[in-house]
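Chemist: File follows, protein34.txt with compact mmCIF, N, CA and C atoms:
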```
# COMPACT_ATOMS: atom_id res chain seq x y z
N MET A 1429 0.85 -1.18 0.00
CA MET A 1429 0.00 0.00 0.00
C MET A 1429 0.90 1.24 0.00
N THR A 1430 0.57 2.15 -0.90
CA THR A 1430 1.37 3.37 -0.99
C THR A 1430 1.04 4.30 0.18
N LYS A 1431 1.96 5.21 0.44
CA LYS A 1431 1.75 6.18 1.52
C LYS A 1431 0.51 7.03 1.23
N ARG A 1432 0.33 7.41 -0.05
CA ARG A 1432 -0.83 8.20 -0.45
C ARG A 1432 -2.13 7.47 -0.13
N ASN A 1433 -2.21 6.20 -0.49
CA ASN A 1433 -3.42 5.41 -0.24
C ASN A 1433 -3.66 5.24 1.26
N LYS A 1434 -2.60 5.07 2.02
CA LYS A 1434 -2.74 4.93 3.48
C LYS A 1434 -3.30 6.21 4.09
N ILE A 1435 -2.83 7.35 3.61
CA ILE A 1435 -3.33 8.64 4.11
C ILE A 1435 -4.80 8.81 3.75
N ILE A 1436 -5.15 8.50 2.50
CA ILE A 1436 -6.55 8.59 2.07
C ILE A 1436 -7.42 7.69 2.94
N TYR A 1437 -6.96 6.44 3.16
CA TYR A 1437 -7.72 5.49 3.97
C TYR A 1437 -7.97 6.04 5.37
N TRP A 1438 -6.91 6.51 6.04
CA TRP A 1438 -7.08 6.93 7.43
C TRP A 1438 -7.89 8.22 7.56
N ILE A 1439 -7.74 9.13 6.62
CA ILE A 1439 -8.56 10.36 6.67
C ILE A 1439 -10.03 10.00 6.50
N ALA A 1440 -10.34 9.20 5.47
CA ALA A 1440 -11.73 8.80 5.23
C ALA A 1440 -12.28 7.98 6.40
N THR A 1441 -11.48 7.06 6.91
CA THR A 1441 -11.94 6.18 7.98
C THR A 1441 -12.19 6.95 9.28
N LEU A 1442 -11.29 7.86 9.61
CA LEU A 1442 -11.48 8.64 10.84
C LEU A 1442 -12.68 9.58 10.73
N TRP A 1443 -12.88 10.19 9.56
CA TRP A 1443 -14.07 11.04 9.37
C TRP A 1443 -15.34 10.21 9.40
N LEU A 1444 -15.28 9.03 8.80
CA LEU A 1444 -16.43 8.11 8.83
C LEU A 1444 -16.75 7.71 10.28
N ALA A 1445 -15.71 7.34 11.01
CA ALA A 1445 -15.90 6.94 12.41
C ALA A 1445 -16.47 8.09 13.24
N LEU A 1446 -15.95 9.29 13.01
CA LEU A 1446 -16.45 10.46 13.73
C LEU A 1446 -17.92 10.72 13.40
N GLY A 1447 -18.26 10.66 12.11
CA GLY A 1447 -19.64 10.90 11.70
C GLY A 1447 -20.61 9.86 12.23
N MET A 1448 -20.22 8.60 12.15
CA MET A 1448 -21.10 7.53 12.65
C MET A 1448 -21.20 7.56 14.18
N THR A 1449 -20.11 7.87 14.84
CA THR A 1449 -20.15 7.96 16.31
C THR A 1449 -21.04 9.12 16.74
N ALA A 1450 -20.85 10.27 16.12
CA ALA A 1450 -21.65 11.45 16.48
C ALA A 1450 -23.13 11.21 16.25
N THR A 1451 -23.48 10.68 15.08
CA THR A 1451 -24.90 10.45 14.80
C THR A 1451 -25.44 9.33 15.68
N GLY A 1452 -24.61 8.33 15.97
CA GLY A 1452 -25.04 7.25 16.86
C GLY A 1452 -25.35 7.75 18.26
N ILE A 1453 -24.50 8.62 18.77
CA ILE A 1453 -24.72 9.17 20.12
C ILE A 1453 -25.98 10.02 20.15
N VAL A 1454 -26.17 10.85 19.12
CA VAL A 1454 -27.38 11.70 19.05
C VAL A 1454 -28.63 10.82 18.99
N GLN A 1455 -28.56 9.74 18.21
CA GLN A 1455 -29.71 8.84 18.12
C GLN A 1455 -29.94 8.11 19.44
N LEU A 1456 -28.88 7.74 20.12
CA LEU A 1456 -29.01 7.06 21.40
C LEU A 1456 -29.64 7.98 22.45
N MET A 1457 -29.31 9.26 22.39
CA MET A 1457 -29.86 10.24 23.34
C MET A 1457 -31.33 10.54 23.06
N GLN A 1458 -31.78 10.29 21.84
CA GLN A 1458 -33.16 10.52 21.42
C GLN A 1458 -33.64 11.93 21.77
N SER A 1459 -32.89 12.92 21.29
CA SER A 1459 -33.27 14.31 21.50
C SER A 1459 -34.60 14.59 20.79
N LYS A 1460 -35.23 15.67 21.19
CA LYS A 1460 -36.52 16.03 20.58
C LYS A 1460 -36.39 16.21 19.07
N ASP A 1461 -35.33 16.89 18.63
CA ASP A 1461 -35.12 17.09 17.19
C ASP A 1461 -34.98 15.75 16.46
N GLU A 1462 -34.24 14.84 17.06
CA GLU A 1462 -34.01 13.55 16.41
C GLU A 1462 -35.30 12.72 16.36
N THR A 1463 -36.07 12.74 17.41
CA THR A 1463 -37.33 11.98 17.40
C THR A 1463 -38.33 12.59 16.42
N LEU A 1464 -38.34 13.92 16.31
CA LEU A 1464 -39.21 14.58 15.33
C LEU A 1464 -38.78 14.22 13.91
N ARG A 1465 -37.47 14.19 13.67
CA ARG A 1465 -36.97 13.84 12.34
C ARG A 1465 -37.36 12.41 11.99
N MET A 1466 -37.23 11.51 12.95
CA MET A 1466 -37.56 10.10 12.70
C MET A 1466 -39.06 9.95 12.43
N SER A 1467 -39.87 10.66 13.19
CA SER A 1467 -41.32 10.61 12.97
C SER A 1467 -41.68 11.18 11.61
N HIS A 1468 -41.01 12.27 11.23
CA HIS A 1468 -41.25 12.89 9.93
C HIS A 1468 -40.96 11.90 8.79
N LEU A 1469 -39.94 11.08 8.98
CA LEU A 1469 -39.57 10.10 7.95
C LEU A 1469 -40.49 8.88 7.98
N GLY A 1470 -41.32 8.77 9.01
CA GLY A 1470 -42.28 7.68 9.09
C GLY A 1470 -41.78 6.44 9.82
N TYR A 1471 -40.72 6.60 10.61
CA TYR A 1471 -40.17 5.45 11.34
C TYR A 1471 -40.52 5.51 12.82
N PRO A 1472 -40.63 4.35 13.46
CA PRO A 1472 -40.88 4.33 14.91
C PRO A 1472 -39.65 4.82 15.67
N ILE A 1473 -39.87 5.44 16.80
CA ILE A 1473 -38.79 6.03 17.60
C ILE A 1473 -37.80 4.96 18.09
N TYR A 1474 -38.28 3.76 18.37
CA TYR A 1474 -37.36 2.73 18.89
C TYR A 1474 -36.27 2.38 17.89
N LEU A 1475 -36.49 2.71 16.62
CA LEU A 1475 -35.47 2.43 15.61
C LEU A 1475 -34.20 3.26 15.85
N LEU A 1476 -34.34 4.41 16.52
CA LEU A 1476 -33.18 5.22 16.84
C LEU A 1476 -32.17 4.44 17.68
N THR A 1477 -32.64 3.73 18.68
CA THR A 1477 -31.75 2.96 19.55
C THR A 1477 -31.04 1.87 18.75
N LEU A 1478 -31.78 1.18 17.92
CA LEU A 1478 -31.21 0.11 17.11
C LEU A 1478 -30.14 0.65 16.16
N LEU A 1479 -30.45 1.73 15.45
CA LEU A 1479 -29.48 2.34 14.54
C LEU A 1479 -28.23 2.82 15.29
N ALA A 1480 -28.45 3.43 16.44
CA ALA A 1480 -27.32 3.95 17.23
C ALA A 1480 -26.38 2.83 17.66
N ILE A 1481 -26.92 1.75 18.15
CA ILE A 1481 -26.09 0.62 18.59
C ILE A 1481 -25.34 0.02 17.41
N TRP A 1482 -26.02 -0.17 16.29
CA TRP A 1482 -25.35 -0.71 15.10
C TRP A 1482 -24.23 0.20 14.62
N LYS A 1483 -24.47 1.51 14.62
CA LYS A 1483 -23.44 2.45 14.18
C LYS A 1483 -22.22 2.39 15.09
N LEU A 1484 -22.45 2.40 16.39
CA LEU A 1484 -21.33 2.38 17.34
C LEU A 1484 -20.55 1.08 17.26
N LEU A 1485 -21.25 -0.03 17.13
CA LEU A 1485 -20.56 -1.31 16.95
C LEU A 1485 -19.82 -1.37 15.62
N GLY A 1486 -20.40 -0.78 14.59
CA GLY A 1486 -19.75 -0.73 13.27
C GLY A 1486 -18.46 0.08 13.31
N VAL A 1487 -18.47 1.18 14.04
CA VAL A 1487 -17.26 1.99 14.18
C VAL A 1487 -16.16 1.18 14.86
N ILE A 1488 -16.51 0.47 15.90
CA ILE A 1488 -15.52 -0.38 16.59
C ILE A 1488 -14.97 -1.42 15.62
N ALA A 1489 -15.86 -2.06 14.86
CA ALA A 1489 -15.44 -3.10 13.92
C ALA A 1489 -14.49 -2.56 12.85
N VAL A 1490 -14.78 -1.37 12.35
CA VAL A 1490 -13.94 -0.80 11.29
C VAL A 1490 -12.57 -0.37 11.84
N LEU A 1491 -12.53 0.10 13.07
CA LEU A 1491 -11.28 0.64 13.60
C LEU A 1491 -10.34 -0.41 14.19
N ILE A 1492 -10.89 -1.48 14.77
CA ILE A 1492 -10.00 -2.46 15.39
C ILE A 1492 -9.25 -3.27 14.33
N PRO A 1493 -8.04 -3.73 14.67
CA PRO A 1493 -7.31 -4.56 13.71
C PRO A 1493 -7.94 -5.95 13.58
N LYS A 1494 -7.63 -6.59 12.49
CA LYS A 1494 -8.08 -7.95 12.18
C LYS A 1494 -9.59 -8.00 11.95
N PHE A 1495 -10.18 -9.15 12.05
CA PHE A 1495 -11.62 -9.39 11.86
C PHE A 1495 -12.15 -8.84 10.53
N PRO A 1496 -11.55 -9.24 9.40
CA PRO A 1496 -11.95 -8.68 8.10
C PRO A 1496 -13.41 -8.95 7.73
N LEU A 1497 -13.95 -10.10 8.10
CA LEU A 1497 -15.36 -10.38 7.78
C LEU A 1497 -16.27 -9.42 8.54
N LEU A 1498 -15.95 -9.15 9.78
CA LEU A 1498 -16.73 -8.21 10.58
C LEU A 1498 -16.67 -6.81 9.96
N LYS A 1499 -15.51 -6.43 9.45
CA LYS A 1499 -15.36 -5.13 8.79
C LYS A 1499 -16.25 -5.05 7.54
N GLU A 1500 -16.28 -6.12 6.76
CA GLU A 1500 -17.13 -6.14 5.57
C GLU A 1500 -18.59 -5.90 5.95
N TRP A 1501 -19.04 -6.56 7.01
CA TRP A 1501 -20.42 -6.39 7.47
C TRP A 1501 -20.66 -4.95 7.94
N ALA A 1502 -19.67 -4.39 8.63
CA ALA A 1502 -19.82 -3.02 9.13
C ALA A 1502 -19.92 -2.03 7.96
N TYR A 1503 -19.03 -2.17 6.98
CA TYR A 1503 -19.10 -1.29 5.81
C TYR A 1503 -20.44 -1.46 5.08
N ALA A 1504 -20.88 -2.69 4.93
CA ALA A 1504 -22.18 -2.93 4.27
C ALA A 1504 -23.30 -2.29 5.08
N GLY A 1505 -23.26 -2.45 6.38
CA GLY A 1505 -24.28 -1.85 7.24
C GLY A 1505 -24.31 -0.34 7.13
N PHE A 1506 -23.12 0.28 7.12
CA PHE A 1506 -23.06 1.74 6.96
C PHE A 1506 -23.66 2.15 5.62
N PHE A 1507 -23.31 1.42 4.57
CA PHE A 1507 -23.82 1.76 3.24
C PHE A 1507 -25.34 1.61 3.18
N PHE A 1508 -25.87 0.51 3.71
CA PHE A 1508 -27.31 0.29 3.69
C PHE A 1508 -28.05 1.33 4.54
N ALA A 1509 -27.52 1.63 5.72
CA ALA A 1509 -28.18 2.61 6.60
C ALA A 1509 -28.21 3.99 5.95
N MET A 1510 -27.10 4.40 5.36
CA MET A 1510 -27.05 5.74 4.77
C MET A 1510 -27.80 5.83 3.45
N SER A 1511 -27.78 4.77 2.65
CA SER A 1511 -28.58 4.80 1.42
C SER A 1511 -30.07 4.77 1.78
N GLY A 1512 -30.42 4.07 2.84
CA GLY A 1512 -31.80 4.08 3.33
C GLY A 1512 -32.20 5.47 3.82
N ALA A 1513 -31.28 6.16 4.47
CA ALA A 1513 -31.55 7.53 4.92
C ALA A 1513 -31.77 8.45 3.73
N LEU A 1514 -30.92 8.32 2.71
CA LEU A 1514 -31.10 9.13 1.51
C LEU A 1514 -32.46 8.88 0.87
N PHE A 1515 -32.81 7.63 0.72
CA PHE A 1515 -34.09 7.29 0.10
C PHE A 1515 -35.25 7.82 0.95
N SER A 1516 -35.14 7.69 2.28
CA SER A 1516 -36.19 8.17 3.17
C SER A 1516 -36.39 9.67 3.05
N HIS A 1517 -35.29 10.43 2.98
CA HIS A 1517 -35.40 11.88 2.81
C HIS A 1517 -36.01 12.22 1.46
N PHE A 1518 -35.62 11.48 0.43
CA PHE A 1518 -36.18 11.70 -0.90
C PHE A 1518 -37.68 11.41 -0.90
N ALA A 1519 -38.07 10.27 -0.33
CA ALA A 1519 -39.48 9.87 -0.31
C ALA A 1519 -40.33 10.83 0.52
N SER A 1520 -39.71 11.48 1.51
CA SER A 1520 -40.44 12.42 2.36
C SER A 1520 -40.48 13.82 1.77
N GLY A 1521 -39.83 14.01 0.63
CA GLY A 1521 -39.83 15.31 -0.02
C GLY A 1521 -38.96 16.34 0.68
N ASP A 1522 -37.94 15.90 1.38
CA ASP A 1522 -37.06 16.82 2.11
C ASP A 1522 -36.20 17.62 1.15
N SER A 1523 -35.65 18.71 1.66
CA SER A 1523 -34.81 19.60 0.84
C SER A 1523 -33.41 19.01 0.68
N ALA A 1524 -32.65 19.60 -0.21
CA ALA A 1524 -31.30 19.10 -0.54
C ALA A 1524 -30.38 19.08 0.67
N LYS A 1525 -30.54 20.01 1.61
CA LYS A 1525 -29.65 20.04 2.78
C LYS A 1525 -29.78 18.77 3.63
N ASP A 1526 -30.92 18.11 3.58
CA ASP A 1526 -31.13 16.89 4.35
C ASP A 1526 -30.41 15.68 3.73
N PHE A 1527 -29.97 15.83 2.50
CA PHE A 1527 -29.27 14.74 1.82
C PHE A 1527 -27.77 14.78 2.09
N PHE A 1528 -27.25 15.92 2.55
CA PHE A 1528 -25.81 16.10 2.67
C PHE A 1528 -25.16 15.10 3.63
N GLY A 1529 -25.67 14.98 4.85
CA GLY A 1529 -25.07 14.08 5.84
C GLY A 1529 -25.00 12.64 5.40
N PRO A 1530 -26.13 12.05 5.01
CA PRO A 1530 -26.08 10.66 4.56
C PRO A 1530 -25.22 10.46 3.31
N ALA A 1531 -25.27 11.43 2.38
CA ALA A 1531 -24.46 11.31 1.15
C ALA A 1531 -22.97 11.36 1.48
N LEU A 1532 -22.59 12.26 2.37
CA LEU A 1532 -21.18 12.36 2.78
C LEU A 1532 -20.73 11.06 3.45
N LEU A 1533 -21.56 10.50 4.30
CA LEU A 1533 -21.19 9.25 4.99
C LEU A 1533 -21.11 8.07 4.02
N ILE A 1534 -21.93 8.07 2.98
CA ILE A 1534 -21.81 7.02 1.95
C ILE A 1534 -20.48 7.16 1.22
N VAL A 1535 -20.14 8.37 0.83
CA VAL A 1535 -18.87 8.61 0.13
C VAL A 1535 -17.69 8.18 1.01
N LEU A 1536 -17.71 8.57 2.27
CA LEU A 1536 -16.63 8.19 3.19
C LEU A 1536 -16.57 6.67 3.38
N THR A 1537 -17.73 6.03 3.43
CA THR A 1537 -17.77 4.56 3.55
C THR A 1537 -17.11 3.90 2.36
N VAL A 1538 -17.46 4.34 1.17
CA VAL A 1538 -16.90 3.75 -0.05
C VAL A 1538 -15.39 4.02 -0.14
N ILE A 1539 -14.96 5.23 0.17
CA ILE A 1539 -13.53 5.54 0.11
C ILE A 1539 -12.75 4.72 1.13
N SER A 1540 -13.25 4.65 2.36
CA SER A 1540 -12.58 3.87 3.40
C SER A 1540 -12.50 2.40 3.01
N TRP A 1541 -13.61 1.87 2.51
CA TRP A 1541 -13.64 0.46 2.10
C TRP A 1541 -12.65 0.21 0.96
N TYR A 1542 -12.65 1.06 -0.04
CA TYR A 1542 -11.82 0.88 -1.23
C TYR A 1542 -10.32 0.97 -0.90
N PHE A 1543 -9.95 1.90 -0.05
CA PHE A 1543 -8.54 2.13 0.24
C PHE A 1543 -8.03 1.38 1.47
N ARG A 1544 -8.83 0.49 2.04
CA ARG A 1544 -8.38 -0.21 3.25
C ARG A 1544 -7.16 -1.08 2.93
N PRO A 1545 -6.27 -1.21 3.91
CA PRO A 1545 -5.05 -2.01 3.70
C PRO A 1545 -5.38 -3.49 3.50
N ALA A 1546 -4.47 -4.21 2.90
CA ALA A 1546 -4.67 -5.63 2.60
C ALA A 1546 -5.01 -6.45 3.84
N GLU A 1547 -4.38 -6.11 4.97
CA GLU A 1547 -4.65 -6.90 6.19
C GLU A 1547 -6.03 -6.64 6.76
N ARG A 1548 -6.73 -5.64 6.23
CA ARG A 1548 -8.09 -5.35 6.68
C ARG A 1548 -9.13 -5.83 5.66
N LYS A 1549 -8.67 -6.52 4.64
CA LYS A 1549 -9.57 -7.05 3.61
C LYS A 1549 -9.88 -8.51 3.90
N LEU A 1550 -11.03 -8.94 3.41
CA LEU A 1550 -11.46 -10.31 3.61
C LEU A 1550 -10.52 -11.29 2.92
N ILE A 1551 -10.14 -10.97 1.69
CA ILE A 1551 -9.22 -11.83 0.94
C ILE A 1551 -8.04 -10.97 0.54
N ASN A 1552 -6.87 -11.33 1.02
CA ASN A 1552 -5.68 -10.59 0.65
C ASN A 1552 -5.34 -10.88 -0.81
N ALA A 1553 -5.41 -9.84 -1.62
CA ALA A 1553 -5.15 -10.01 -3.05
C ALA A 1553 -3.78 -9.47 -3.42
```
Before anything else, please render the file you have as C-alpha cells.

Modeler:
Amino acid sequence: MTKRNKIIYWIATLWLALGMTATGIVQLMQSKDETLRMSHLGYPIYLLTLLAIWKLLGVIAVLIPKFPLLKEWAYAGFFFAMSGALFSHFASGDSAKDFFGPALLIVLTVISWYFRPAERKLINA
C-alpha cells in the first residue's frame, strides 16, 4: 500500500468513524429534534436505539485490527443505513440540505472500504 493510499484510507476512515459515532450518540440520546426527524420520515422512535447501537458497533469493527469479515459487514451496514436515509429523505420530499449528511457518509464509507489495507480485507489479493 502506498503512503498516499494509506493517508486517504485513514482520513476517510477517521471522518467516517467520527460521523457515525456522532450520529449514533445523538440517536441514542433521542433528542426532541431527532425523534421529530424520525417521525417525519415515518419510522418508529425505537429504531433510533437500534441504529445507534449498530453504528457504534460498526465503528468499533472498522477501527480495530483484524476481523476482516466483521469489517465487511460493518461497511455494508453503513452503506445500507445511509442509502436508506437518503431514500427516506427523498421519499419524504425533504430539501437538498437533508441529503448532505447521509451522502457524505456514503462517500466516506466507499472511500474507506476501497482504500483499506490488505490486512483489513477479507481476501488478501

Chemist: Do you have the atom C of A:Ile1492-atom CA of A:Thr1430 distance handy?

Modeler: 19.8 Å

Chemist: A:Arg1548: which residues within 6.5 Å, counting only N, CA and C atoms, same-chain residues fewer than 2 positions away excluded, as a ChimeraX atom specification?

Modeler: /A:1494-1496,1544-1546,1550

Chemist: Quick one: everything within 6 Å of stretch 1460-1473 of chain A, counting all atoms listed in the file, minus sequence neighbours fewer than 3 positions away in the same chain. Send it as a PyMOL selection string.

Modeler: chain A and resi 1476-1477+1516

Chemist: Have a look at atom N of A:Gly1529 and atom C of A:Asn1433 and let me know their distance in Å, one decimal.

Modeler: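 Between these atoms lies a distance of 24.3 Å.
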
Chemist: Kindly give the distance, in Å, that separates atom N of A:Lys1483 and atom C of A:Ile1551, rounded to a single decimal.

Modeler: 25.0 Å

Chemist: Of the residues A:Leu1444, A:Gln1455, A:Phe1515, A:Ala1509, which is the one nearest to A:Val1487, using only C-alpha atoms?

Modeler: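 Looking only at the distances to A:Val1487, the closest residue turns out to be A:Leu1444.
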
Chemist: Which of these residues is nearest to A:Asp1526, using all atoms listed in the file: A:Ala1440, A:Val1538, A:Ala1489, A:Ala1513?

Modeler: A:Ala1513

Chemist: Could you give me, as a PyMOL selection string, the residues within 6.5 Å of A:Ile1534, counting only N, CA and C atoms and dropping anything in the same chain fewer than 5 positions from it?

Modeler: chain A and resi 1506-1507+1510-1511+1529+1539

Chemist: Just asking: which residues within chain A are alpha helix (DSSP H) according to DSSP, as an MDAnalysis selection string?

Modeler: chainID A and resid 1431:1457 1460:1469 1474:1491 1496:1519 1525:1542

Chemist: Between A:Leu1446, A:Leu1456, A:Lys1549, A:Lys1434, single out the one closest to A:Lys1499, counting all atoms listed in the file.

Modeler: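 Among the listed residues, A:Lys1549 lies closest to A:Lys1499.
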
Chemist: Assuming the input is short of atoms at stretch 1523-1534 of chain A, produce all heavy atoms for that part as a compact mmCIF listing (two decimals), in the frame of the given file.

Modeler:
```
# COMPACT_ATOMS: atom_id res chain seq x y z
N SER A 1523 -35.65 18.71 1.66
CA SER A 1523 -34.81 19.60 0.84
C SER A 1523 -33.41 19.01 0.68
O SER A 1523 -33.02 18.07 1.39
CB SER A 1523 -34.74 20.99 1.46
OG SER A 1523 -34.10 20.92 2.72
N ALA A 1524 -32.65 19.60 -0.21
CA ALA A 1524 -31.30 19.10 -0.54
C ALA A 1524 -30.38 19.08 0.67
O ALA A 1524 -29.52 18.19 0.78
CB ALA A 1524 -30.70 19.95 -1.65
N LYS A 1525 -30.54 20.01 1.61
CA LYS A 1525 -29.65 20.04 2.78
C LYS A 1525 -29.78 18.77 3.63
O LYS A 1525 -28.83 18.37 4.29
CB LYS A 1525 -29.89 21.29 3.62
CG LYS A 1525 -31.21 21.31 4.37
CD LYS A 1525 -31.31 22.54 5.26
CE LYS A 1525 -32.63 22.62 5.96
NZ LYS A 1525 -32.96 21.48 6.81
N ASP A 1526 -30.92 18.11 3.58
CA ASP A 1526 -31.13 16.89 4.35
C ASP A 1526 -30.41 15.68 3.73
O ASP A 1526 -30.25 14.65 4.38
CB ASP A 1526 -32.62 16.59 4.49
CG ASP A 1526 -33.34 17.65 5.29
OD1 ASP A 1526 -32.82 18.02 6.36
OD2 ASP A 1526 -34.39 18.12 4.84
N PHE A 1527 -29.97 15.83 2.50
CA PHE A 1527 -29.27 14.74 1.82
C PHE A 1527 -27.77 14.78 2.09
O PHE A 1527 -27.08 13.79 1.88
CB PHE A 1527 -29.48 14.83 0.30
CG PHE A 1527 -30.88 14.52 -0.14
CD1 PHE A 1527 -31.89 15.46 -0.03
CD2 PHE A 1527 -31.20 13.28 -0.64
CE1 PHE A 1527 -33.19 15.18 -0.42
CE2 PHE A 1527 -32.49 12.97 -1.04
CZ PHE A 1527 -33.48 13.93 -0.93
N PHE A 1528 -27.25 15.92 2.55
CA PHE A 1528 -25.81 16.10 2.67
C PHE A 1528 -25.16 15.10 3.63
O PHE A 1528 -24.18 14.44 3.27
CB PHE A 1528 -25.47 17.53 3.10
CG PHE A 1528 -24.00 17.75 3.27
CD1 PHE A 1528 -23.18 17.87 2.15
CD2 PHE A 1528 -23.43 17.81 4.52
CE1 PHE A 1528 -21.81 18.05 2.29
CE2 PHE A 1528 -22.07 17.99 4.67
CZ PHE A 1528 -21.25 18.12 3.56
N GLY A 1529 -25.67 14.98 4.85
CA GLY A 1529 -25.07 14.08 5.84
C GLY A 1529 -25.00 12.64 5.40
O GLY A 1529 -23.91 12.04 5.36
N PRO A 1530 -26.13 12.05 5.01
CA PRO A 1530 -26.08 10.66 4.56
C PRO A 1530 -25.22 10.46 3.31
O PRO A 1530 -24.49 9.48 3.19
CB PRO A 1530 -27.54 10.31 4.26
CG PRO A 1530 -28.34 11.29 5.02
CD PRO A 1530 -27.51 12.52 5.13
N ALA A 1531 -25.27 11.43 2.38
CA ALA A 1531 -24.46 11.31 1.15
C ALA A 1531 -22.97 11.36 1.48
O ALA A 1531 -22.18 10.57 0.94
CB ALA A 1531 -24.82 12.41 0.17
N LEU A 1532 -22.59 12.26 2.37
CA LEU A 1532 -21.18 12.36 2.78
C LEU A 1532 -20.73 11.06 3.45
O LEU A 1532 -19.64 10.55 3.16
CB LEU A 1532 -20.98 13.54 3.72
CG LEU A 1532 -19.57 13.69 4.31
CD1 LEU A 1532 -18.54 13.91 3.21
CD2 LEU A 1532 -19.54 14.84 5.32
N LEU A 1533 -21.56 10.50 4.30
CA LEU A 1533 -21.19 9.25 4.99
C LEU A 1533 -21.11 8.07 4.02
O LEU A 1533 -20.28 7.18 4.20
CB LEU A 1533 -22.15 8.97 6.15
CG LEU A 1533 -21.98 9.92 7.34
CD1 LEU A 1533 -23.10 9.73 8.35
CD2 LEU A 1533 -20.63 9.74 8.00
N ILE A 1534 -21.93 8.07 2.98
CA ILE A 1534 -21.81 7.02 1.95
C ILE A 1534 -20.48 7.16 1.22
O ILE A 1534 -19.77 6.17 1.00
CB ILE A 1534 -22.98 7.06 0.95
CG1 ILE A 1534 -24.23 6.47 1.56
CG2 ILE A 1534 -22.63 6.30 -0.33
CD1 ILE A 1534 -25.45 6.53 0.66
```
